[in-house]
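Below: input.txt (compact mmCIF, C-alpha atoms)
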# COMPACT_ATOMS: atom_id res chain seq x y z
CA MET A 1 16.46 4.43 11.73
CA ARG A 2 18.31 4.92 8.46
CA LEU A 3 16.83 3.67 5.23
CA VAL A 4 19.87 1.72 4.14
CA PRO A 5 19.39 -1.75 2.66
CA CYS A 6 20.33 -3.54 5.89
CA ALA A 7 17.65 -1.59 7.74
CA LEU A 8 15.10 -2.89 5.28
CA VAL A 9 15.88 -6.57 5.79
CA PRO A 10 12.95 -7.15 8.21
CA LEU A 11 10.49 -5.70 5.70
CA LEU A 12 11.98 -7.78 2.90
CA LEU A 13 11.71 -10.89 5.02
CA LEU A 14 8.06 -10.09 5.68
CA ALA A 15 7.49 -9.77 1.96
CA GLN A 16 9.26 -13.08 1.35
CA ALA A 17 7.03 -14.73 3.94
CA ALA A 18 4.03 -13.37 2.07
CA LEU A 19 5.29 -14.83 -1.21
CA GLY A 20 5.61 -18.22 0.45
CA ALA A 21 1.87 -18.15 1.10
CA THR A 22 0.72 -18.23 -2.52
CA PHE A 23 -2.94 -18.01 -3.19
CA GLN A 24 -5.62 -20.64 -3.49
CA ASN A 25 -8.40 -19.92 -6.00
CA LEU A 26 -6.38 -17.02 -7.41
CA THR A 27 -4.89 -17.08 -10.89
CA LEU A 28 -1.41 -15.74 -11.52
CA ALA A 29 -1.24 -13.39 -14.51
CA THR A 30 1.16 -10.92 -16.05
CA VAL A 31 0.20 -7.80 -17.95
CA ARG A 32 -0.43 -8.68 -21.59
CA PRO A 33 2.50 -7.88 -23.92
CA ASP A 34 0.45 -5.43 -26.01
CA ILE A 35 -0.66 -3.47 -22.93
CA ALA A 36 2.79 -3.58 -21.34
CA SER A 37 4.37 -2.34 -24.56
CA ALA A 38 1.82 0.45 -25.06
CA ASP A 39 2.23 1.71 -21.51
CA GLY A 40 5.97 1.03 -21.23
CA ALA A 41 5.43 -1.19 -18.20
CA LYS A 42 8.47 -3.04 -16.82
CA CYS A 43 9.60 -4.46 -13.53
CA LEU A 44 13.12 -3.54 -12.46
CA ASP A 45 14.47 -6.44 -14.52
CA GLY A 46 12.37 -5.60 -17.59
CA SER A 47 9.73 -8.32 -17.10
CA SER A 48 6.01 -7.55 -17.33
CA PRO A 49 4.26 -6.74 -14.02
CA GLY A 50 2.47 -9.64 -12.36
CA TYR A 51 -0.65 -10.01 -10.25
CA TYR A 52 -3.11 -12.58 -8.91
CA ARG A 53 -6.85 -12.37 -9.61
CA ARG A 54 -10.12 -14.04 -8.72
CA LEU A 55 -13.51 -13.15 -10.18
CA GLY A 56 -16.09 -12.73 -7.43
CA SER A 57 -19.78 -13.60 -7.45
CA GLU A 58 -20.26 -9.81 -7.42
CA PRO A 59 -17.86 -9.28 -10.33
CA ASN A 60 -18.24 -5.51 -10.65
CA LYS A 61 -17.20 -4.89 -7.05
CA TRP A 62 -13.44 -4.91 -6.60
CA ARG A 63 -10.83 -5.25 -3.87
CA ILE A 64 -7.48 -4.30 -5.42
CA HIS A 65 -4.59 -4.82 -3.05
CA PHE A 66 -1.03 -3.56 -3.59
CA ARG A 67 1.66 -5.63 -1.93
CA GLY A 68 4.43 -4.19 0.24
CA GLY A 69 8.16 -4.87 0.40
CA ALA A 70 10.13 -1.71 1.29
CA TRP A 71 12.03 0.29 -1.35
CA CYS A 72 15.36 0.57 -3.12
CA PHE A 73 17.07 3.94 -2.91
CA ASP A 74 20.16 3.71 -5.10
CA SER A 75 21.11 2.01 -8.34
CA ASP A 76 23.11 -0.80 -6.73
CA ASP A 77 20.31 -1.59 -4.28
CA CYS A 78 17.75 -1.62 -7.11
CA TYR A 79 20.02 -3.85 -9.19
CA GLN A 80 20.16 -6.39 -6.37
CA ARG A 81 16.41 -6.13 -5.93
CA SER A 82 15.86 -6.81 -9.65
CA LYS A 83 17.14 -10.33 -9.05
CA THR A 84 14.35 -11.08 -6.55
CA PHE A 85 10.57 -11.41 -6.71
CA LEU A 86 10.45 -7.77 -5.56
CA GLY A 87 11.98 -6.74 -8.89
CA SER A 88 10.86 -9.42 -11.32
CA SER A 89 7.60 -11.17 -12.17
CA THR A 90 9.54 -14.22 -13.38
CA MET A 91 9.93 -15.39 -9.78
CA LEU A 92 6.29 -15.31 -8.71
CA GLY A 93 4.93 -18.52 -7.27
CA PRO A 94 2.18 -20.70 -8.75
CA ASN A 95 -1.48 -20.65 -7.79
CA THR A 96 -1.25 -23.11 -4.91
CA GLY A 97 -1.24 -22.91 -1.13
CA ASP A 98 -3.25 -20.98 1.43
CA ALA A 99 -5.89 -18.38 0.64
CA PRO A 100 -5.27 -14.76 1.63
CA PHE A 101 -6.75 -13.75 4.97
CA GLY A 102 -8.13 -10.65 6.68
CA PHE A 103 -9.70 -8.10 4.36
CA MET A 104 -8.65 -10.19 1.34
CA ALA A 105 -10.29 -13.41 2.59
CA GLN A 106 -12.84 -15.14 0.38
CA ASN A 107 -15.07 -15.60 3.43
CA GLU A 108 -14.76 -11.98 4.64
CA SER A 109 -18.15 -11.05 6.08
CA HIS A 110 -19.01 -8.08 3.86
CA PHE A 111 -16.56 -7.95 0.95
CA GLY A 112 -15.69 -11.62 0.40
CA ASN A 113 -17.86 -11.96 -2.73
CA TRP A 114 -16.06 -9.10 -4.48
CA THR A 115 -13.54 -9.64 -7.25
CA LEU A 116 -10.05 -9.74 -5.72
CA VAL A 117 -6.75 -8.63 -7.27
CA LEU A 118 -3.37 -8.80 -5.53
CA VAL A 119 -0.88 -6.61 -7.40
CA GLU A 120 2.73 -7.71 -7.01
CA TYR A 121 5.35 -5.06 -6.25
CA CYS A 122 8.31 -5.06 -8.61
CA ASP A 123 9.48 -1.44 -8.98
CA GLY A 124 10.91 -0.58 -5.54
CA SER A 125 9.40 2.92 -5.50
CA SER A 126 5.82 2.45 -4.27
CA TRP A 127 4.67 2.75 -7.90
CA THR A 128 6.05 6.31 -8.25
CA SER A 129 9.04 5.89 -10.59
CA ASN A 130 8.83 6.98 -14.23
CA ARG A 131 12.25 7.01 -15.86
CA GLU A 132 12.42 6.74 -19.65
CA ASP A 133 15.83 5.12 -20.03
CA PRO A 134 17.20 2.28 -17.92
CA VAL A 135 20.13 2.65 -15.56
CA VAL A 136 22.92 0.25 -16.49
CA VAL A 137 24.49 -1.59 -13.55
CA ASN A 138 26.99 -4.39 -14.11
CA ASN A 139 26.10 -4.40 -17.82
CA THR A 140 22.46 -4.95 -16.90
CA ASN A 141 19.48 -2.67 -17.60
CA VAL A 142 17.50 -1.71 -14.51
CA TRP A 143 14.14 -0.08 -15.25
CA TYR A 144 12.22 2.44 -13.16
CA ARG A 145 8.66 2.25 -14.43
CA GLY A 146 6.43 2.00 -11.34
CA ARG A 147 3.97 4.63 -12.54
CA ARG A 148 3.65 2.97 -15.95
CA ASN A 149 3.24 -0.42 -14.29
CA LEU A 150 0.32 1.00 -12.35
CA VAL A 151 -1.36 2.30 -15.50
CA ALA A 152 -0.78 -0.99 -17.29
CA VAL A 153 -2.32 -3.01 -14.46
CA LEU A 154 -5.42 -0.79 -14.49
CA GLN A 155 -5.71 -1.16 -18.27
CA GLU A 156 -5.20 -4.92 -17.99
CA LEU A 157 -8.00 -5.22 -15.42
CA GLU A 158 -10.26 -3.17 -17.67
CA ALA A 159 -9.58 -5.58 -20.54
CA TRP A 160 -10.16 -8.58 -18.26
CA ASN A 161 -13.35 -7.55 -16.48
CA GLY A 162 -14.21 -3.90 -17.06
CA LEU A 163 -12.62 -2.42 -13.94
CA LEU A 164 -12.70 1.14 -15.22
CA SER A 165 -15.95 1.14 -17.22
CA ARG A 166 -18.29 -1.32 -15.48
CA SER A 167 -17.35 -1.34 -11.82
CA THR A 168 -19.82 -0.23 -9.16
CA ASP A 169 -17.46 -0.34 -6.17
CA ILE A 170 -13.67 -0.27 -5.84
CA VAL A 171 -11.53 -0.41 -2.72
CA PHE A 172 -7.86 0.29 -3.46
CA THR A 173 -5.86 -1.05 -0.55
CA GLY A 174 -2.22 -1.71 0.23
CA THR A 175 0.12 -2.61 3.04
CA SER A 176 3.47 -1.09 4.03
CA ALA A 177 5.08 0.25 0.83
CA GLY A 178 1.77 -0.62 -0.84
CA GLY A 179 -0.02 1.41 1.82
CA MET A 180 2.26 4.35 1.13
CA HIS A 181 1.40 3.93 -2.56
CA THR A 182 -2.30 4.10 -1.68
CA TYR A 183 -1.78 7.52 -0.08
CA LEU A 184 0.41 8.79 -2.93
CA ASN A 185 -1.43 7.35 -5.96
CA GLY A 186 -5.01 6.86 -4.77
CA ASP A 187 -6.45 9.85 -6.59
CA PHE A 188 -4.45 9.00 -9.71
CA MET A 189 -5.97 5.51 -9.79
CA ALA A 190 -9.46 6.88 -9.18
CA SER A 191 -9.05 9.27 -12.12
CA PHE A 192 -9.06 6.33 -14.54
CA VAL A 193 -12.48 5.10 -13.43
CA THR A 194 -15.10 6.15 -15.99
CA SER A 195 -18.05 4.39 -14.38
CA GLN A 196 -19.96 5.93 -11.50
CA ALA A 197 -18.26 3.57 -9.05
CA ARG A 198 -17.77 4.35 -5.41
CA VAL A 199 -14.00 4.46 -4.91
CA ALA A 200 -12.38 4.26 -1.48
CA LEU A 201 -8.79 3.96 -0.26
CA LEU A 202 -7.70 1.63 2.56
CA PRO A 203 -3.98 2.15 3.29
CA ASP A 204 -2.61 -0.14 6.01
CA ALA A 205 0.73 0.64 7.71
CA GLY A 206 1.66 3.12 5.00
CA PHE A 207 2.01 6.27 7.11
CA PHE A 208 5.78 6.31 7.46
CA LEU A 209 7.00 9.04 9.79
CA PHE A 210 10.66 7.98 9.75
CA LEU A 211 11.04 9.19 6.16
CA ASP A 212 11.10 12.71 7.56
CA THR A 213 14.33 12.52 9.58
CA PRO A 214 17.50 14.32 8.41
CA GLY A 215 19.51 11.23 7.44
CA ASN A 216 16.61 9.68 5.58
CA LEU A 217 15.71 12.85 3.71
CA SER A 218 19.02 12.78 1.82
CA GLN A 219 18.37 9.17 0.80
CA LEU A 220 14.82 10.00 -0.23
CA GLN A 221 16.05 12.96 -2.27
CA ASN A 222 18.52 10.73 -4.10
CA ALA A 223 15.83 8.11 -4.71
CA TYR A 224 13.41 10.75 -5.99
CA THR A 225 15.95 11.71 -8.64
CA LEU A 226 16.78 8.11 -9.50
CA TRP A 227 13.10 7.16 -9.73
CA ASN A 228 12.12 10.37 -11.59
CA ALA A 229 9.04 10.42 -9.37
CA THR A 230 7.79 13.93 -10.23
CA ASP A 231 4.64 12.69 -11.97
CA ALA A 232 3.53 10.89 -8.80
CA LEU A 233 3.39 14.04 -6.68
CA TYR A 234 0.20 15.90 -5.82
CA PRO A 235 0.55 19.28 -7.60
CA GLU A 236 -0.95 21.08 -4.59
CA CYS A 237 1.69 19.52 -2.37
CA LEU A 238 4.53 21.06 -4.32
CA SER A 239 3.61 24.56 -3.19
CA SER A 240 3.56 23.53 0.47
CA VAL A 241 7.06 22.03 0.81
CA ALA A 242 10.59 23.31 0.39
CA GLU A 243 11.71 20.51 -1.93
CA ALA A 244 9.59 18.47 -4.35
CA TYR A 245 10.79 15.09 -3.03
CA GLU A 246 9.18 15.86 0.33
CA CYS A 247 5.81 15.19 -1.30
CA LEU A 248 6.75 11.50 -1.27
CA ILE A 249 6.36 11.60 2.52
CA PRO A 250 2.82 10.50 3.43
CA LYS A 251 2.20 13.23 6.00
CA ASN A 252 2.87 15.84 3.30
CA ALA A 253 0.77 14.08 0.67
CA LEU A 254 -2.19 13.23 2.88
CA PRO A 255 -3.76 16.72 3.08
CA HIS A 256 -4.15 16.69 -0.70
CA VAL A 257 -5.99 13.37 -1.07
CA ARG A 258 -9.51 13.80 -2.47
CA SER A 259 -10.74 10.19 -2.57
CA ASP A 260 -12.65 8.64 0.31
CA LEU A 261 -10.01 7.39 2.73
CA PHE A 262 -9.99 4.98 5.68
CA ALA A 263 -6.56 5.11 7.33
CA LEU A 264 -5.52 1.95 9.16
CA GLN A 265 -2.35 2.44 11.18
CA SER A 266 -0.69 1.15 14.32
CA LEU A 267 0.51 3.99 16.52
CA TYR A 268 3.29 1.58 17.61
CA ASP A 269 4.16 0.33 14.12
CA THR A 270 7.14 -1.97 14.63
CA ALA A 271 8.60 -1.11 11.23
CA GLN A 272 9.10 2.45 12.45
CA ASN A 273 8.85 2.53 16.24
CA LYS A 274 11.67 0.37 17.64
CA CYS A 275 11.47 1.75 21.16
CA ASN A 276 10.87 -0.18 24.34
CA PRO A 277 7.14 0.29 25.00
CA GLN A 278 7.89 0.75 28.69
CA ASP A 279 9.91 3.90 27.92
CA ALA A 280 8.24 7.29 27.97
CA GLY A 281 9.71 8.01 24.54
CA CYS A 282 7.69 5.18 23.02
CA ASN A 283 4.40 6.83 23.88
CA ALA A 284 5.84 10.15 22.70
CA THR A 285 6.45 8.64 19.26
CA SER A 286 2.93 7.23 19.32
CA ALA A 287 1.59 10.68 20.17
CA GLU A 288 3.50 12.17 17.23
CA MET A 289 1.92 9.63 14.88
CA ARG A 290 -1.50 10.35 16.37
CA GLY A 291 -1.05 14.10 15.92
CA TYR A 292 -0.01 13.86 12.26
CA LEU A 293 -2.82 11.48 11.39
CA GLN A 294 -5.45 13.56 13.11
CA GLY A 295 -4.20 16.90 11.80
CA ASN A 296 -3.53 15.86 8.24
CA LEU A 297 -6.77 13.96 7.78
CA THR A 298 -8.67 16.93 9.16
CA ALA A 299 -6.89 19.13 6.61
CA SER A 300 -7.43 16.73 3.72
CA LYS A 301 -9.73 17.52 0.83
CA THR A 302 -11.49 14.18 0.87
CA PRO A 303 -15.17 14.43 1.82
CA LYS A 304 -15.10 11.14 3.72
CA THR A 305 -12.33 10.06 6.06
CA GLY A 306 -12.10 7.43 8.75
CA ILE A 307 -9.25 6.49 11.07
CA PHE A 308 -8.60 3.26 12.92
CA ALA A 309 -5.37 3.83 14.84
CA THR A 310 -4.42 1.01 17.19
CA ALA A 311 -2.00 0.57 20.07
CA CYS A 312 -0.96 -2.86 18.84
CA ARG A 313 2.80 -3.32 18.38
CA GLN A 314 2.82 -4.72 14.86
CA HIS A 315 3.28 -3.77 11.22
CA GLU A 316 0.16 -4.36 9.07
CA GLU A 317 -3.28 -5.10 10.47
CA SER A 318 -5.48 -6.16 7.55
CA CYS A 319 -3.63 -9.38 6.64
CA GLN A 320 -4.91 -11.89 9.20
CA ASP A 321 -8.40 -12.90 10.28
CA PHE A 322 -7.61 -12.51 13.98
CA ASP A 323 -6.64 -8.87 13.38
CA TRP A 324 -9.27 -7.89 10.82
CA ASP A 325 -12.15 -9.67 12.56
CA ASP A 326 -11.29 -9.26 16.24
CA MET A 327 -9.07 -6.21 16.83
CA THR A 328 -11.00 -3.37 18.45
CA VAL A 329 -10.55 0.32 19.20
CA ALA A 330 -13.01 1.92 21.62
CA GLY A 331 -15.05 -1.27 21.58
CA VAL A 332 -15.52 -1.35 17.79
CA ARG A 333 -14.02 -4.17 15.71
CA LEU A 334 -11.87 -3.26 12.72
CA GLU A 335 -14.01 -5.06 10.13
CA THR A 336 -17.12 -3.38 11.56
CA ALA A 337 -15.47 0.04 11.50
CA PHE A 338 -14.56 -0.28 7.82
CA TYR A 339 -17.99 -1.68 6.90
CA ASP A 340 -19.69 1.24 8.64
CA PHE A 341 -17.33 3.70 6.98
CA TYR A 342 -18.00 2.28 3.53
CA TYR A 343 -21.72 1.56 3.71
CA ASN A 344 -23.03 3.83 6.47
CA ASP A 345 -20.73 6.87 6.13
CA ASP A 346 -19.42 6.47 9.68
CA LEU A 347 -16.51 8.93 9.67
CA THR A 348 -15.42 8.37 13.26
CA ALA A 349 -11.72 8.88 13.97
CA ARG A 350 -10.88 6.06 16.37
CA PHE A 351 -7.65 6.39 18.34
CA ASP A 352 -6.59 3.69 20.74
CA VAL A 353 -5.36 3.83 24.31
CA ASP A 354 -1.63 3.56 25.04
CA TRP A 355 0.22 0.25 24.88
CA PRO A 356 -0.36 -2.28 26.47
CA ASN A 357 -3.92 -1.45 27.41
CA ASN A 358 -5.77 -2.94 24.42
CA PRO A 359 -6.48 -6.62 25.23
CA THR A 360 -7.50 -7.39 21.62
CA CYS A 361 -3.93 -6.95 20.34
CA THR A 362 -2.49 -10.37 19.50
CA VAL A 363 1.07 -10.32 20.83
CA GLY A 364 3.79 -12.42 19.21
CA ALA A 365 1.71 -13.63 16.28
CA ASN A 366 2.50 -13.49 12.55
CA HIS A 367 0.49 -10.45 11.43
CA GLY A 368 1.47 -10.46 7.79
CA ALA A 369 2.70 -9.55 5.44
CA CYS A 370 0.26 -9.22 2.62

Write the structure described by the file as structure tokens, please.
Amino acid sequence: MRLVPCALVPLLLLAQAALGATFQNLTLATVRPDIASADGAKCLDGSSPGYYRRLGSEPNKWRIHFRGGAWCFDSDDCYQRSKTFLGSSTMLGPNTGDAPFGFMAQNESHFGNWTLVLVEYCDGSSWTSNREDPVVVNNTNVWYRGRRNLVAVLQELEAWNGLLSRSTDIVFTGTSAGGMHTYLNGDFMASFVTSQARVALLPDAGFFLFLDTPGNLSQLQNAYTLWNATDALYPECLSSVAEAYECLIPKNALPHVRSDLFALQSLYDTAQNKCNPQDAGCNATSAEMRGYLQGNLTASKTPKTGIFATACRQHEESCQDFDWDDMTVAGVRLETAFYDFYYNDDLTARFDVDWPNNPTCTVGANHGAC
């Protein structure tokens, strides 16, 4: 699978479907002009980053979710993206429609009373880009400020409700490109928290193996230069790879994560694993994913890690109630596994059986995206 724009159409369509389900009881906001200016925050088109928020009845406990939507790897692709909601906050929908589901649901059993923030994705680089000057395409400025957008959102949430200084609990979560961001930037986000909050990371479908194939590496190298993503790399990772851009690959970054981490990942992720599940090669790809997850989490520096790796053929597993509430691995439901990880320090690494032997997988349903 090559990471050319046409190969990303399914992920973009998933993101568009997510935008269509705008959010009841959530308020749309953009980063305040003074904060955006101070931090240099800009979407690809130059607009201020946007997000949705809802104050919970436990206001100092936070679920902060980073949306997915693939990436842009060259200046023309990013220019086209800047004209969509994945590159501009000016196209975000109003606060009407269905509530978010799964882990983000207002009626979630254990975390539903927490303050909820859904951070929109408008930089195309999983919040890693940090280029000072814009790139001009067709007489139009295209900005690469994902890292600064991230800082500005954190500062905005501090000004709104004391995220950094008054929080007691924070779960940073993300799906797809947002899940990859959670691996890459989790420790960076945690470093801004000045309270004694418990901080945990919940990346969903962000462990992209296909970034590490020869054809994709050249595209990733070009994107790394375009994005100027150096600041987003774990310093310890740089000494363990041949080229700096390889630290954008989750399997290379994961061993250097220090924050508490609960990895949620399908071993048959349909955004990466396009094989026929009846073929032997499909289970071989699943086994490769299993091996990297197990080995890299074991090698990681985080004191607390959990894994929930399913055999369900889908991309994203925290977005719908029927996945979050009912999906099981080894007889344990996903929502129970994360609750026990967070509150009871259950660090079990749960790996599923091979496809199609998990009857709790919901086949053919809309699993996201969120």

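Omitting Leu154 in chain A and its sequence neighbours fewer than 6 positions away, and counting all atoms listed in the file, the residues within 10 Å are A:Val31, A:Ile64, A:Arg148, A:Trp160, A:Gly162, A:Leu163, A:Leu164, A:Met189, A:Phe192, A:Val193.
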
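Neighbouring residues of Asp76 in chain A at 10 Å or closer, counting all atoms listed in the file and skipping chain neighbours under 5 positions away, are Arg81, Ser82, Val135, Val136, Val137, Asn138 and Val142 of chain A.
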
Residues of the last selection are to be written out with C-alpha atoms, as a compact mmCIF listing (two decimals), in the frame of the given file.
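Listed below is the output, again-v4.txt:
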# COMPACT_ATOMS: atom_id res chain seq x y z
CA ARG A 81 16.41 -6.13 -5.93
CA SER A 82 15.86 -6.81 -9.65
CA VAL A 135 20.13 2.65 -15.56
CA VAL A 136 22.92 0.25 -16.49
CA VAL A 137 24.49 -1.59 -13.55
CA ASN A 138 26.99 -4.39 -14.11
CA VAL A 142 17.50 -1.71 -14.51

Out of A:Pro235, A:Pro356, A:Gly68, A:Gly87, which residue has the shortest atom-to-atom distance to Cys282 in chain A when counting all atoms listed in the file?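 Answer, going by the shortest atom-to-atom distance: A:Pro356.
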
Choose the residue, out of A:Tyr234, A:Phe73, A:Tyr292, A:Phe210, that has the smallest atom-to-atom separation from Asn273 in chain A; count all atoms listed in the file.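 The shortest atom-to-atom distance to Asn273 in chain A comes from A:Phe210.
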
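CA of Ala105 in chain A to CA of Asp321 in chain A spans 7.9 Å [interatomic distance, one decimal].
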
Pull the closest atom pair for each residue of range 159-213 of chain A that gets at most 12 Å from range 239-246 of chain A, along with the distance in Å to one decimal, counting all atoms listed in the file, ordering rows by chain and then ascending residue number, as a Markdown table.
| residue | atom | partner | partner_atom | distance |
| --- | --- | --- | --- | --- |
| A:Leu184 | CA | A:Glu246 | CA | 11.7 |
| A:Leu209 | CA | A:Glu246 | CA | 11.9 |
| A:Leu211 | CA | A:Glu246 | CA | 9.1 |
| A:Asp212 | CA | A:Glu246 | CA | 8.1 |
| A:Thr213 | CA | A:Glu246 | CA | 11.1 |

Could you make a table, as a Markdown table, of the residues of range 178-202 of chain A that have an atom within 8 Å of an atom of range 252-259 of chain A, each with its nearest atom pair and distance in Å to one decimal, counting all atoms listed in the file, in chain and number order?
| residue | atom | partner | partner_atom | distance |
| --- | --- | --- | --- | --- |
| A:Tyr183 | CA | A:Leu254 | CA | 6.4 |
| A:Leu184 | CA | A:Ala253 | CA | 6.4 |
| A:Gly186 | CA | A:Ser259 | CA | 7.0 |
| A:Asp187 | CA | A:Ser259 | CA | 5.9 |
| A:Ala190 | CA | A:Ser259 | CA | 7.5 |
| A:Val199 | CA | A:Ser259 | CA | 7.0 |
| A:Ala200 | CA | A:Ser259 | CA | 6.2 |
| A:Leu201 | CA | A:Ser259 | CA | 6.9 |

Using C-alpha atoms, can you write the selected residues to a file as an mmCIF file, keeping the file's coordinate frame?
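Okay, result.cif is ready:
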data_model
loop_
_atom_site.group_PDB
_atom_site.id
_atom_site.type_symbol
_atom_site.label_atom_id
_atom_site.label_comp_id
_atom_site.auth_asym_id
_atom_site.auth_seq_id
_atom_site.Cartn_x
_atom_site.Cartn_y
_atom_site.Cartn_z
ATOM 1 C CA TYR A 183 -1.780 7.520 -0.080
ATOM 2 C CA LEU A 184 0.410 8.790 -2.930
ATOM 3 C CA GLY A 186 -5.010 6.860 -4.770
ATOM 4 C CA ASP A 187 -6.450 9.850 -6.590
ATOM 5 C CA ALA A 190 -9.460 6.880 -9.180
ATOM 6 C CA VAL A 199 -14.000 4.460 -4.910
ATOM 7 C CA ALA A 200 -12.380 4.260 -1.480
ATOM 8 C CA LEU A 201 -8.790 3.960 -0.260
#

What does the distance between CA of Ser75 in chain A and CA of Gly124 in chain A come to in Å, to one decimal place?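 Going from CA of Ser75 in chain A over to CA of Gly124 in chain A, I get 10.9 Å.
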
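Proximity ranking of A:Asp231, A:Asp346, A:Asp269, A:Asp34 relative to Thr305 in chain A places A:Asp346 first, based on only C-alpha atoms.
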